[in-house]
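Some notes on the structure that comes next.
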Amino acid sequence: MPDPHSLEGKKALVTGGKRRIGRGICLALAEAGCDVGVNDLERDADGEETLRLIRERGREAELFAADISDSSQVEEMFAAFLERFGRIDILANNPFGGTGQSFLELTEENWDANLDIGLKGFFLCSQQAARAMVEQGDGGCIVSTSSVHARRAWKDDTAYGTAKAGILRLTQSMAVDLGPHGIRCNAIMPGYMNTDHVLGTPAPKTGSIRKELFDGVPLRRPGTPEDIGRAAAFLCSPAAGCITGVSLQVDGGLLAASPGVP
């Protein structure tokens with residue numbers, strides 16, 4: 001009986017894939033059987049390390065440098081990916097853009113960085129992937145990294161949260177329009193993550209963000225890139241063959257306990 005979790009022979013592109021959650025998704029897809037294209041803004045040591053780790057798992061890998069908020073660069077990237085791998089079965093949208101700012105201090109530049117990369121870029125890449133999948137004629141999967149910030153507001157998350165909420169709505173629209181073509185579209189909502197841009201941020205007074213954050217999480221631990229990667233691989237596998245248009249919380253119970261979260 002075939003393994004319902006196997007992605008053997010599939011071709012995947014992961015945007016924002018060279019570090020953190022992106023790398024976790026790349027490696028989980030590779031372990032499930034995918035050859036993986038890795039997108040990020042530029043080729044550097046982090047990107048080369050991600051390629052090495054994918055190849056170490058016996059899979060083909062290539063890095064595609066492109067700004068996903070620029071439609072011409074997105075078109076060129078997909079043309080290069082299809083030339084290199086021959087087809088696309090999976091797109092994982094992942095990049096993060098911008099930083100947190102309070103509503104009264106929020107700049108147009110910060111708003112644009114969050115929305116251009118974190119929402120417009122997801123749309124541009126998803127449209128290119130979907131067009132290729134429709135032409136191939138045998139379906140495909142698109143999975144997008146949103147956030148618990150899509151479901152409730154935290155201090156200083158106006159632009160970021162707006163982009164992440166938009167991903168959930170975009171995912172639903174894509175699921176409805178692309179379902180007749182056999183293309184499944186889902187989103188993942190990470191909670192507090194064990195990555196340097198979260199745990200490396202000192203909390204006020206304590207000097208450590210860990211206790212302040214995780215006392216309010218039922219599982220009392222952060223998520224990891226591996227957690228998100230495994231969720232993405234599952235959603236793209238035959239085991240999830242009737243799942244589309246959903247938003248999967250991978251947050252240790254954070255949203256369930258949200259009234260008690262600082």
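Naming scheme: A, B, ... for chains in displayed order of the structure tokens; residues 1 onward per chain; ligands 1 onward as shown.
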
Could you name the residues that touch stretch 233-236 of chain A at 9 Å or less, counting only C-alpha atoms, but leaving out those on the same chain fewer than 6 positions away, as a short mmCIF file (atom, residue, chain, number, x, y, z; two decimals) with C-alpha atoms, in the first residue's frame?
```cif
data_model
loop_
_atom_site.label_atom_id
_atom_site.label_comp_id
_atom_site.auth_asym_id
_atom_site.auth_seq_id
_atom_site.Cartn_x
_atom_site.Cartn_y
_atom_site.Cartn_z
CA HIS A 5 2.56 10.82 3.47
CA SER A 6 5.08 10.32 0.67
CA LEU A 7 5.88 13.14 -1.74
CA ILE A 25 9.75 23.54 5.30
CA ALA A 28 10.57 18.43 5.65
CA LEU A 29 9.57 18.40 1.97
CA ALA A 32 9.14 13.36 2.24
CA ILE A 90 4.08 22.28 -4.54
CA GLY A 140 -0.96 20.52 -7.06
CA CYS A 141 -0.68 22.10 -3.61
CA ILE A 142 -0.10 25.62 -2.33
CA VAL A 143 0.61 26.11 1.38
CA ARG A 184 -5.43 22.36 -2.88
CA CYS A 185 -4.64 25.56 -0.96
CA ASN A 186 -4.09 25.75 2.79
CA ALA A 187 -2.40 27.97 5.38
CA ILE A 243 -8.24 19.19 2.88
CA THR A 244 -8.35 22.60 1.20
#
```

(request) Write down as a VMD selection string the residues belonging to stretch 8-199 of chain A that are assigned strand (DSSP E) by DSSP computed on the backbone. (result) chain A and resid 11 to 14 35 to 40 61 to 65 90 to 93 140 to 145 183 to 190

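A straight line drawn from atom CA of A:Ala150 to atom CA of A:Pro180 is 27.1 Å long.
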
(request) Just give me the gap between atom CA of A:Pro238 and atom CA of A:Tyr192 in Å, one decimal is fine. (result)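 Separation between atom CA of A:Pro238 and atom CA of A:Tyr192: 28.4 Å.
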
(request) Check the smallest atom-to-atom distance from each of A:Ala65, A:Leu178, A:Ala132, A:Met189 to A:Val246 using only C-alpha atoms, then report the winner. (result)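 For A:Val246, the nearest of the given residues is A:Met189.
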
(request) Have a look at A:Met133, A:Leu219, A:Leu248, A:Val38 and name the one nearest to A:Leu168; count only C-alpha atoms. (result) A:Leu248

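Take the candidates A:Gln249, A:Asn39, A:Ser69, A:Ser144 and check each one against A:Arg169 using only C-alpha atoms; the shortest distance goes to A:Ser144.
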
(request) Fewer than 2 positions away in the same chain doesn't count, so skip those; otherwise give me all residues within 8 Å of stretch 42-59 of chain A, counting only C-alpha atoms, as an MDAnalysis selection string. (result) chainID A and resid 17:19 23 26:27 30:31 33:36 38 40 61:66

(request) From a DSSP pass on the backbone, collect the residues of stretch 32-186 of chain A flagged as alpha helix (DSSP H) and hand them back as an MDAnalysis selection string. (result) chainID A and resid 32 45:56 71:85 108:115 121:136 158:178

(request) Could you tell me which of A:Asp138, A:Asp3, A:Asp157, A:Glu226 comes closest to A:Asn110 if we count only C-alpha atoms? (result) A:Asp157

Show me, as a tab-separated table, the residues of stretch 157-259 of chain A having an atom within 6 Å of stretch 111-123 of chain A, each with the closest atom pair and its distance in Å, using only C-alpha atoms.
```
residue	atom	partner	partner_atom	distance
A:Ala159	CA	A:Trp111	CA	5.3
A:Tyr160	CA	A:Asn114	CA	5.7
A:Ala163	CA	A:Leu115	CA	5.4
```

(message) Could you check the closest approach to A:Asp67 for each of A:Gly179, A:Pro222, A:Pro95, A:Gly86 and tell me which residue wins, using only C-alpha atoms?
(response)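 Selected residue with least distance to A:Asp67: A:Pro95.
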
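For the pair atom CA of A:Ala92 and atom CA of A:Thr145, the interatomic distance is 7.7 Å.
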
(message) Here is a test: counting only C-alpha atoms, which residue of A:Leu41, A:Val14, A:Val250, A:Ala239 is nearest to A:Ser147?
(response) A:Val250

What's the 12 Å shell around A:Ala256, counting only C-alpha atoms, without same-chain residues fewer than 2 positions away, as a compact mmCIF listing (two decimals) with N, CA, C and O atoms, in the first residue's frame?
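Written out: around.txt:
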```txt
# COMPACT_ATOMS: atom_id res chain seq x y z
N VAL A 148 -0.59 33.27 14.06
CA VAL A 148 -1.67 33.50 15.02
C VAL A 148 -2.08 34.97 15.05
O VAL A 148 -3.19 35.31 15.47
N ARG A 151 -5.45 35.99 13.66
CA ARG A 151 -6.69 35.72 14.38
C ARG A 151 -6.96 36.68 15.54
O ARG A 151 -8.10 36.86 15.95
N ARG A 152 -5.90 37.23 16.13
CA ARG A 152 -6.10 38.21 17.19
C ARG A 152 -4.96 39.20 17.18
O ARG A 152 -3.89 38.92 16.64
N GLY A 191 2.64 29.82 16.08
CA GLY A 191 2.57 30.67 17.25
C GLY A 191 3.96 31.20 17.57
O GLY A 191 4.74 31.52 16.67
N GLY A 216 2.11 31.42 28.98
CA GLY A 216 0.73 31.46 28.51
C GLY A 216 0.39 30.46 27.42
O GLY A 216 -0.72 30.47 26.90
N VAL A 217 1.34 29.60 27.06
CA VAL A 217 1.12 28.61 26.01
C VAL A 217 0.87 27.25 26.66
O VAL A 217 1.70 26.78 27.45
N PRO A 218 -0.26 26.60 26.37
CA PRO A 218 -0.57 25.34 27.05
C PRO A 218 0.53 24.29 26.99
O PRO A 218 0.78 23.61 27.99
N LEU A 219 1.21 24.13 25.86
CA LEU A 219 2.27 23.12 25.78
C LEU A 219 3.57 23.57 26.43
O LEU A 219 4.51 22.78 26.54
N GLN A 249 -3.67 25.73 12.87
CA GLN A 249 -2.90 26.31 13.95
C GLN A 249 -1.82 25.33 14.40
O GLN A 249 -2.11 24.19 14.74
N VAL A 250 -0.58 25.80 14.39
CA VAL A 250 0.55 25.02 14.91
C VAL A 250 1.21 25.92 15.95
O VAL A 250 2.26 26.50 15.74
N ASP A 251 0.51 26.05 17.10
CA ASP A 251 0.83 27.12 18.05
C ASP A 251 0.94 26.66 19.49
O ASP A 251 0.97 27.49 20.39
N GLY A 252 0.96 25.34 19.73
CA GLY A 252 1.06 24.85 21.09
C GLY A 252 -0.15 25.16 21.95
O GLY A 252 -0.08 25.07 23.17
N GLY A 253 -1.26 25.52 21.32
CA GLY A 253 -2.47 25.87 22.06
C GLY A 253 -2.59 27.35 22.39
O GLY A 253 -3.47 27.75 23.15
N LEU A 254 -1.72 28.18 21.81
CA LEU A 254 -1.68 29.60 22.13
C LEU A 254 -3.03 30.29 21.95
O LEU A 254 -3.52 31.00 22.83
N SER A 258 -5.77 32.21 24.53
CA SER A 258 -5.45 33.61 24.25
C SER A 258 -5.90 34.61 25.29
O SER A 258 -5.25 35.64 25.45
N PRO A 259 -7.01 34.42 26.02
CA PRO A 259 -7.34 35.41 27.03
C PRO A 259 -6.27 35.59 28.10
O PRO A 259 -6.17 36.63 28.72
N GLY A 260 -5.45 34.54 28.31
CA GLY A 260 -4.42 34.63 29.34
C GLY A 260 -3.05 34.98 28.80
O GLY A 260 -2.08 35.00 29.55
N VAL A 261 -2.95 35.27 27.50
CA VAL A 261 -1.65 35.55 26.90
C VAL A 261 -1.35 37.03 26.98
O VAL A 261 -2.20 37.86 26.70
```
